[in-house]
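The file start-v3.cif contains mmCIF, C-alpha atoms:
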data_start
loop_
_atom_site.label_atom_id
_atom_site.label_comp_id
_atom_site.auth_asym_id
_atom_site.auth_seq_id
_atom_site.Cartn_x
_atom_site.Cartn_y
_atom_site.Cartn_z
CA MET A 29 9.92 -30.37 -3.59
CA ASN A 30 9.00 -33.34 -5.81
CA PHE A 31 11.70 -34.84 -8.01
CA PHE A 32 10.28 -33.56 -11.30
CA LEU A 33 10.03 -30.03 -9.93
CA PHE A 34 13.56 -30.27 -8.56
CA LYS A 35 14.96 -31.25 -11.97
CA GLU A 36 13.07 -28.42 -13.62
CA TYR A 37 14.42 -25.93 -11.09
CA ILE A 38 18.01 -27.00 -11.75
CA LYS A 39 17.47 -26.35 -15.46
CA TYR A 40 15.81 -23.01 -14.75
CA PHE A 41 18.60 -21.95 -12.37
CA HIS A 42 21.27 -22.48 -15.01
CA LEU A 43 19.29 -20.87 -17.84
CA GLN A 44 17.86 -17.81 -16.06
CA THR A 45 19.06 -14.38 -17.16
CA ASP A 46 18.45 -10.78 -16.09
CA GLU A 47 18.19 -7.37 -17.74
CA HIS A 48 21.75 -7.57 -19.06
CA SER A 49 20.70 -10.22 -21.57
CA LEU A 50 17.55 -8.44 -22.77
CA HIS A 51 18.01 -6.65 -26.08
CA SER A 52 14.31 -5.99 -26.56
CA PRO A 53 13.42 -2.49 -25.25
CA PHE A 54 9.97 -3.78 -24.25
CA PHE A 55 11.25 -6.65 -22.13
CA TYR A 56 14.20 -4.66 -20.78
CA ASN A 57 11.76 -2.09 -19.36
CA PHE A 58 9.36 -4.82 -18.28
CA TYR A 59 12.08 -6.51 -16.27
CA LEU A 60 13.40 -3.36 -14.61
CA LYS A 61 10.03 -1.83 -13.77
CA LEU A 62 7.95 -4.90 -12.92
CA ILE A 63 10.21 -7.81 -11.99
CA LYS A 64 13.31 -6.23 -10.48
CA SER A 65 11.53 -3.19 -9.00
CA LYS A 66 10.73 -3.54 -5.28
CA GLN A 67 8.02 -0.83 -5.07
CA LYS A 68 8.77 -0.34 -1.37
CA HIS A 69 6.51 2.70 -1.15
CA LEU A 70 3.38 0.60 -1.65
CA ASP A 71 1.57 -0.65 1.45
CA TRP A 72 0.28 -4.22 1.23
CA SER A 73 0.22 -4.77 5.00
CA SER A 74 -3.57 -5.23 5.28
CA ILE A 75 -3.48 -8.14 2.79
CA GLU A 76 -0.39 -9.66 4.39
CA VAL A 77 -2.13 -9.60 7.78
CA LYS A 78 -4.88 -11.76 6.21
CA ARG A 79 -2.23 -14.09 4.80
CA GLN A 80 -0.72 -14.52 8.26
CA GLU A 81 -4.15 -15.20 9.76
CA LEU A 82 -4.64 -18.04 7.27
CA LEU A 83 -1.17 -19.43 7.99
CA ASN A 84 -2.04 -19.49 11.71
CA ASN A 85 -5.54 -20.95 11.32
CA SER A 86 -5.64 -24.58 12.53
CA GLN A 87 -9.30 -25.16 11.57
CA GLU A 88 -9.91 -28.17 9.33
CA ILE A 89 -12.08 -27.96 6.23
CA GLU A 90 -13.18 -30.48 3.62
CA ILE A 91 -11.57 -29.88 0.21
CA PHE A 92 -13.34 -30.77 -3.03
CA ASP A 93 -10.67 -30.88 -5.72
CA LEU A 94 -11.57 -31.23 -9.41
CA GLY A 95 -7.97 -30.82 -10.53
CA ALA A 96 -4.72 -32.75 -10.22
CA GLY A 97 -4.82 -32.70 -6.43
CA SER A 98 -2.01 -31.93 -4.03
CA LYS A 99 1.45 -33.51 -4.00
CA VAL A 100 1.88 -32.81 -0.29
CA GLN A 101 -1.58 -33.47 1.16
CA ASN A 102 -3.53 -36.63 0.35
CA SER A 103 -6.46 -36.20 2.73
CA SER A 104 -9.59 -34.33 1.66
CA LYS A 105 -9.69 -32.81 5.17
CA ARG A 106 -6.96 -30.23 5.56
CA ARG A 107 -6.03 -27.49 8.00
CA ILE A 108 -6.43 -24.00 6.61
CA SER A 109 -2.87 -23.30 7.73
CA SER A 110 -1.60 -26.22 5.63
CA ILE A 111 -3.57 -25.14 2.57
CA ALA A 112 -2.20 -21.63 2.95
CA LYS A 113 1.37 -22.87 3.38
CA HIS A 114 1.33 -25.07 0.29
CA SER A 115 -1.02 -23.26 -2.10
CA LEU A 116 -0.63 -19.51 -1.61
CA SER A 117 1.76 -17.62 -3.87
CA SER A 118 4.70 -15.89 -2.25
CA SER A 119 4.21 -12.28 -1.18
CA LYS A 120 6.72 -11.28 -3.85
CA PHE A 121 4.72 -12.91 -6.63
CA SER A 122 1.38 -11.58 -5.35
CA GLN A 123 2.84 -8.08 -5.33
CA PHE A 124 4.14 -8.60 -8.86
CA LEU A 125 0.54 -9.27 -9.96
CA PHE A 126 -0.53 -6.02 -8.30
CA GLN A 127 2.21 -4.00 -10.01
CA LEU A 128 1.39 -5.55 -13.39
CA ILE A 129 -2.25 -4.47 -13.19
CA GLN A 130 -1.40 -1.01 -11.93
CA PHE A 131 1.36 -0.40 -14.49
CA TYR A 132 -0.80 -1.34 -17.51
CA ASP A 133 -4.08 -0.10 -16.05
CA PHE A 134 -5.68 -3.50 -16.65
CA GLN A 135 -9.40 -3.45 -15.97
CA GLN A 136 -10.94 -6.77 -17.02
CA ILE A 137 -9.23 -9.49 -15.00
CA ILE A 138 -9.92 -13.21 -14.72
CA GLU A 139 -8.57 -15.43 -11.97
CA LEU A 140 -8.94 -19.18 -12.47
CA GLY A 141 -8.58 -20.76 -9.02
CA THR A 142 -9.51 -18.43 -6.16
CA SER A 143 -8.19 -20.76 -3.45
CA LEU A 144 -8.17 -18.80 -0.14
CA GLY A 145 -8.34 -15.44 -1.89
CA ILE A 146 -5.02 -13.74 -1.13
CA ASN A 147 -4.06 -13.23 -4.77
CA THR A 148 -7.65 -12.14 -5.38
CA SER A 149 -7.06 -9.31 -2.91
CA TYR A 150 -3.96 -8.18 -4.75
CA LEU A 151 -5.72 -8.37 -8.12
CA ALA A 152 -8.70 -6.36 -6.88
CA SER A 153 -6.77 -3.69 -4.95
CA ALA A 154 -4.43 -2.76 -7.81
CA ASN A 155 -7.04 -0.80 -9.75
CA ASN A 156 -10.31 0.52 -8.32
CA GLN A 157 -11.76 0.68 -11.83
CA SER A 158 -11.12 -2.99 -12.51
CA ILE A 159 -13.46 -5.97 -12.38
CA VAL A 160 -12.02 -9.25 -11.12
CA ASP A 161 -13.93 -12.39 -12.03
CA SER A 162 -12.59 -15.17 -9.83
CA PHE A 163 -13.46 -18.85 -10.33
CA GLU A 164 -13.35 -21.59 -7.69
CA ALA A 165 -14.89 -25.06 -7.63
CA ASP A 166 -14.47 -25.70 -3.91
CA GLN A 167 -17.25 -24.08 -1.87
CA ASN A 168 -15.40 -24.28 1.45
CA ALA A 169 -12.30 -22.57 0.10
CA LEU A 170 -14.53 -19.99 -1.55
CA LYS A 171 -16.26 -19.19 1.75
CA ILE A 172 -12.86 -18.30 3.22
CA ALA A 173 -11.91 -16.26 0.14
CA LYS A 174 -15.15 -14.29 0.37
CA TYR A 175 -14.42 -13.52 4.01
CA VAL A 176 -10.85 -12.44 3.17
CA ASN A 177 -12.18 -10.16 0.41
CA GLN A 178 -15.36 -8.92 2.09
CA ASN A 179 -14.36 -5.25 1.75
CA PHE A 180 -13.82 -5.37 -2.00
CA GLU A 181 -16.69 -4.39 -4.27
CA ASN A 182 -15.00 -5.10 -7.61
CA ILE A 183 -14.82 -8.91 -7.32
CA ASN A 184 -17.32 -11.33 -8.84
CA PHE A 185 -16.94 -14.85 -7.45
CA HIS A 186 -18.01 -17.79 -9.62
CA GLU A 187 -18.56 -21.07 -7.76
CA GLY A 188 -18.54 -24.44 -9.50
CA ASN A 189 -16.75 -26.37 -12.21
CA ILE A 190 -14.84 -23.89 -14.38
CA ASP A 191 -15.81 -25.86 -17.48
CA ASN A 192 -19.37 -24.71 -16.80
CA THR A 193 -18.91 -21.29 -15.19
CA LEU A 194 -16.21 -19.84 -17.45
CA PRO A 195 -18.10 -20.12 -20.78
CA GLU A 196 -21.09 -18.38 -19.17
CA LEU A 197 -18.95 -15.35 -18.32
CA LEU A 198 -17.05 -15.30 -21.62
CA ASN A 199 -20.32 -15.00 -23.51
CA ASN A 200 -20.79 -11.60 -21.85
CA LEU A 201 -17.26 -10.23 -22.28
CA THR A 202 -15.75 -8.44 -25.25
CA GLU A 203 -12.10 -8.35 -24.15
CA ILE A 204 -9.92 -9.58 -21.29
CA ASP A 205 -6.81 -7.70 -20.15
CA LEU A 206 -5.23 -10.12 -17.70
CA VAL A 207 -5.70 -13.79 -16.92
CA TYR A 208 -4.15 -15.47 -13.88
CA ALA A 209 -4.65 -19.23 -14.25
CA ASP A 210 -3.99 -21.28 -11.11
CA ALA A 211 -6.76 -23.86 -11.15
CA ASN A 212 -6.91 -27.43 -12.49
CA HIS A 213 -3.25 -28.45 -12.80
CA THR A 214 -3.70 -30.99 -15.59
CA TYR A 215 -2.49 -30.71 -19.16
CA GLU A 216 -5.98 -31.11 -20.59
CA ALA A 217 -7.64 -28.46 -18.42
CA THR A 218 -4.78 -25.99 -18.90
CA ILE A 219 -5.08 -26.17 -22.69
CA ARG A 220 -8.88 -26.16 -22.55
CA TYR A 221 -9.08 -22.99 -20.44
CA PHE A 222 -6.63 -21.19 -22.70
CA ASP A 223 -8.56 -22.17 -25.83
CA LEU A 224 -11.78 -20.87 -24.28
CA ILE A 225 -10.25 -17.53 -23.30
CA ALA A 226 -7.93 -16.90 -26.27
CA PRO A 227 -10.59 -15.34 -28.57
CA LYS A 228 -11.15 -12.60 -25.96
CA LEU A 229 -7.47 -11.63 -25.64
CA HIS A 230 -6.09 -8.54 -27.40
CA ALA A 231 -2.59 -7.37 -28.34
CA ALA A 232 -1.91 -5.85 -24.89
CA SER A 233 -3.31 -8.78 -22.88
CA ILE A 234 -1.14 -10.92 -20.62
CA TYR A 235 -1.99 -14.53 -19.72
CA ILE A 236 -0.23 -15.82 -16.59
CA LEU A 237 -0.05 -19.57 -16.11
CA ASP A 238 0.95 -20.63 -12.60
CA ASP A 239 3.02 -23.72 -11.69
CA ILE A 240 4.29 -24.31 -15.22
CA HIS A 241 6.93 -26.79 -13.96
CA TRP A 242 4.73 -28.47 -11.33
CA SER A 243 4.40 -31.70 -13.33
CA SER A 244 5.21 -33.17 -16.73
CA GLY A 245 1.65 -32.35 -17.83
CA MET A 246 1.93 -28.69 -16.84
CA ASN A 247 5.38 -28.49 -18.42
CA LYS A 248 3.98 -29.94 -21.65
CA ALA A 249 1.09 -27.46 -21.64
CA TRP A 250 3.49 -24.54 -21.09
CA ASN A 251 5.77 -25.61 -23.93
CA GLU A 252 2.80 -25.92 -26.29
CA LEU A 253 1.27 -22.59 -25.33
CA LYS A 254 4.57 -20.77 -25.84
CA ILE A 255 4.40 -21.62 -29.54
CA HIS A 256 0.63 -21.20 -29.93
CA ASN A 257 -0.15 -19.23 -33.09
CA LYS A 258 -1.77 -16.46 -31.05
CA VAL A 259 1.23 -16.08 -28.67
CA SER A 260 4.01 -13.71 -29.72
CA ALA A 261 6.32 -13.86 -26.67
CA SER A 262 6.75 -15.52 -23.30
CA ILE A 263 8.57 -15.22 -19.99
CA ASP A 264 9.43 -18.16 -17.72
CA LEU A 265 9.76 -17.08 -14.06
CA PHE A 266 9.81 -20.73 -12.93
CA ASP A 267 6.83 -20.43 -10.58
CA ALA A 268 4.75 -19.02 -13.42
CA GLY A 269 4.86 -18.28 -17.12
CA LEU A 270 3.67 -15.13 -18.87
CA LEU A 271 2.25 -15.15 -22.40
CA PHE A 272 2.10 -12.02 -24.57
CA PHE A 273 0.02 -11.41 -27.70
CA ASN A 274 1.43 -8.32 -29.42
CA PRO A 275 2.63 -9.39 -32.91
CA GLU A 276 5.33 -6.71 -32.77
CA LEU A 277 7.15 -8.70 -30.07
CA ASN A 278 8.08 -11.17 -32.81
CA GLN A 279 8.44 -14.50 -31.01
CA GLN A 280 10.70 -13.53 -28.12
CA HIS A 281 11.00 -16.07 -25.31
CA TYR A 282 12.93 -15.56 -22.08
CA ILE A 283 13.81 -17.42 -18.90
CA LEU A 284 14.23 -14.65 -16.34
CA LYS A 285 15.49 -14.41 -12.79
CA PHE A 286 12.68 -13.58 -10.39
#
Now that the file is in, can you turn its structure into structure tokens?
Amino acid sequence: MNFFLFKEYIKYFHLQTDEHSLHSPFFYNFYLKLIKSKQKHLDWSSIEVKRQELLNNSQEIEIFDLGAGSKVQNSSKRRISSIAKHSLSSSKFSQFLFQLIQFYDFQQIIELGTSLGINTSYLASANNQSIVDSFEADQNALKIAKYVNQNFENINFHEGNIDNTLPELLNNLTEIDLVYADANHTYEATIRYFDLIAPKLHAASIYILDDIHWSSGMNKAWNELKIHNKVSASIDLFDAGLLFFNPELNQQHYILKF
């Protein structure tokens, strides 16, 4: 863990709360049903088998990174196992994404940063009626993601620089239910993507920003987006932040145990 991230985690650890500190009925139910709930009856084994295959794959691929790069791997040639180890979300967080989509019946989903495609699988499998538009600049990573998700018919993959591919899609969309942003980890790109997508968000939309404490730039972007005039509430789970847009939530901001 880099020093900045370590400092941020110490702050998060001391500030985190649980359902006992939530006076809002909306967020109290949100925490109990979607964050604290284990959903043990759901079977994610087929996706987790793919995750393990990636973690065991020693093949090297060339990585083309348009973002802030990696803090643990400097070489452009990396083993798939190493990419999986350092870039994939935890199973717990991936399953949280699944439950979120299923609970709210989200149907129009955008993923910024496909990577190796494990979260894409969770996003696509949560609702058979949904459409997942997933964006990835790196063609070699995208080849793996397409293989991982070859059995899903509700995923549209968009290859190339998100600054070019995202506006093309947005021109054809009326509304977006869920955004999972885990792409270019720079302040500028994070704000730019949000500004592009924001006009398509509605009162029930949720925008998830990954790695909000990864760097000072990401931390700055998160703190600015929390008070954006379109945002009405937020949740900090440390690994990611959630933004809500229902005016009735009345500027509620929480740091919650995950």
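When only C-alpha atoms are used to compute distances to Glu139 of chain A, the closest of the residues A:Val77, A:Leu265, A:Ile234, A:Val160 turns out to be A:Val160.
Within the 12 Å cut-off around Tyr175 of chain A, using all atoms listed in the file and omitting residues fewer than 2 positions from it on the same chain, the listed residues are Lys78, Glu81, Leu82, Leu144, Gly145, Ile146, Thr148, Ser149, Asn168, Ala169, Leu170, Lys171, Ile172, Ala173, Asn177, Gln178, Asn179, Phe180 and Phe185 of chain A.
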Using all atoms listed in the file, give me every residue within 12 Å of (-11.1, -23.7, -9.7) in file coordinates, as an MDAnalysis selection string.
chainID A and resid 91:97 138:145 161:170 185:194 208:214 217:218 221
Carefully work through the PyMOL selection byres ((chain A and resi 247-255) around 10) for this structure and note down the residues it includes, as a PDB file with C-alpha atoms, in the coordinates of the input.
ATOM      1  CA  LEU A  33      10.030 -30.030  -9.930  1.00  0.00           C
ATOM      2  CA  GLU A  36      13.070 -28.420 -13.620  1.00  0.00           C
ATOM      3  CA  HIS A 213      -3.250 -28.450 -12.800  1.00  0.00           C
ATOM      4  CA  THR A 214      -3.700 -30.990 -15.590  1.00  0.00           C
ATOM      5  CA  TYR A 215      -2.490 -30.710 -19.160  1.00  0.00           C
ATOM      6  CA  GLU A 216      -5.980 -31.110 -20.590  1.00  0.00           C
ATOM      7  CA  ALA A 217      -7.640 -28.460 -18.420  1.00  0.00           C
ATOM      8  CA  THR A 218      -4.780 -25.990 -18.900  1.00  0.00           C
ATOM      9  CA  ILE A 219      -5.080 -26.170 -22.690  1.00  0.00           C
ATOM     10  CA  PHE A 222      -6.630 -21.190 -22.700  1.00  0.00           C
ATOM     11  CA  ASP A 223      -8.560 -22.170 -25.830  1.00  0.00           C
ATOM     12  CA  LEU A 237      -0.050 -19.570 -16.110  1.00  0.00           C
ATOM     13  CA  ASP A 238       0.950 -20.630 -12.600  1.00  0.00           C
ATOM     14  CA  ASP A 239       3.020 -23.720 -11.690  1.00  0.00           C
ATOM     15  CA  ILE A 240       4.290 -24.310 -15.220  1.00  0.00           C
ATOM     16  CA  HIS A 241       6.930 -26.790 -13.960  1.00  0.00           C
ATOM     17  CA  TRP A 242       4.730 -28.470 -11.330  1.00  0.00           C
ATOM     18  CA  SER A 243       4.400 -31.700 -13.330  1.00  0.00           C
ATOM     19  CA  SER A 244       5.210 -33.170 -16.730  1.00  0.00           C
ATOM     20  CA  GLY A 245       1.650 -32.350 -17.830  1.00  0.00           C
ATOM     21  CA  MET A 246       1.930 -28.690 -16.840  1.00  0.00           C
ATOM     22  CA  HIS A 256       0.630 -21.200 -29.930  1.00  0.00           C
ATOM     23  CA  ASN A 257      -0.150 -19.230 -33.090  1.00  0.00           C
ATOM     24  CA  LYS A 258      -1.770 -16.460 -31.050  1.00  0.00           C
ATOM     25  CA  VAL A 259       1.230 -16.080 -28.670  1.00  0.00           C
ATOM     26  CA  SER A 260       4.010 -13.710 -29.720  1.00  0.00           C
ATOM     27  CA  ALA A 261       6.320 -13.860 -26.670  1.00  0.00           C
ATOM     28  CA  SER A 262       6.750 -15.520 -23.300  1.00  0.00           C
ATOM     29  CA  ILE A 263       8.570 -15.220 -19.990  1.00  0.00           C
ATOM     30  CA  ASP A 264       9.430 -18.160 -17.720  1.00  0.00           C
ATOM     31  CA  ALA A 268       4.750 -19.020 -13.420  1.00  0.00           C
ATOM     32  CA  GLY A 269       4.860 -18.280 -17.120  1.00  0.00           C
ATOM     33  CA  LEU A 270       3.670 -15.130 -18.870  1.00  0.00           C
ATOM     34  CA  LEU A 271       2.250 -15.150 -22.400  1.00  0.00           C
ATOM     35  CA  PHE A 272       2.100 -12.020 -24.570  1.00  0.00           C
ATOM     36  CA  GLN A 279       8.440 -14.500 -31.010  1.00  0.00           C
ATOM     37  CA  GLN A 280      10.700 -13.530 -28.120  1.00  0.00           C
ATOM     38  CA  HIS A 281      11.000 -16.070 -25.310  1.00  0.00           C
TER      39      HIS A 281
END
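Across the structure, atom CA of Ala154 of chain A and atom CA of Gln127 of chain A are spaced 7.1 Å apart.
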Which one of A:Arg220, A:Lys105, A:Lys120, A:His51 sits closest to Ser86 of chain A if you count all atoms listed in the file?
A:Lys105
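Computed from the coordinates, the atom CA of Ser104 of chain A to atom CA of Glu196 of chain A distance equals 28.6 Å.
Taking all atoms listed in the file into account, Leu197 of chain A lies nearest to A:Gln136 out of the set A:Gln136, A:Ser65, A:Asn182, A:Asn30.
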When the PyMOL selection byres ((chain A and resi 111-119) around 8) is applied to the file above, which residues end up in the set, as a ChimeraX atom specification?
/A:76,79,82-83,100,106-110,120-123,143-144,146-147
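Take the PyMOL selection byres ((chain A and resi 134) around 10) and apply it to this file: it picks Leu128, Ile129, Gln130, Phe131, Tyr132, Asp133, Gln135, Gln136, Ile137, Leu151, Ala154, Asn155, Gln157, Ser158, Ile159, Ile204, Asp205, Leu206, Ala232, Ser233 and Ile234 of chain A.
One finds atom CA of Lys285 of chain A at 8.5 Å from atom CA of Ile63 of chain A.
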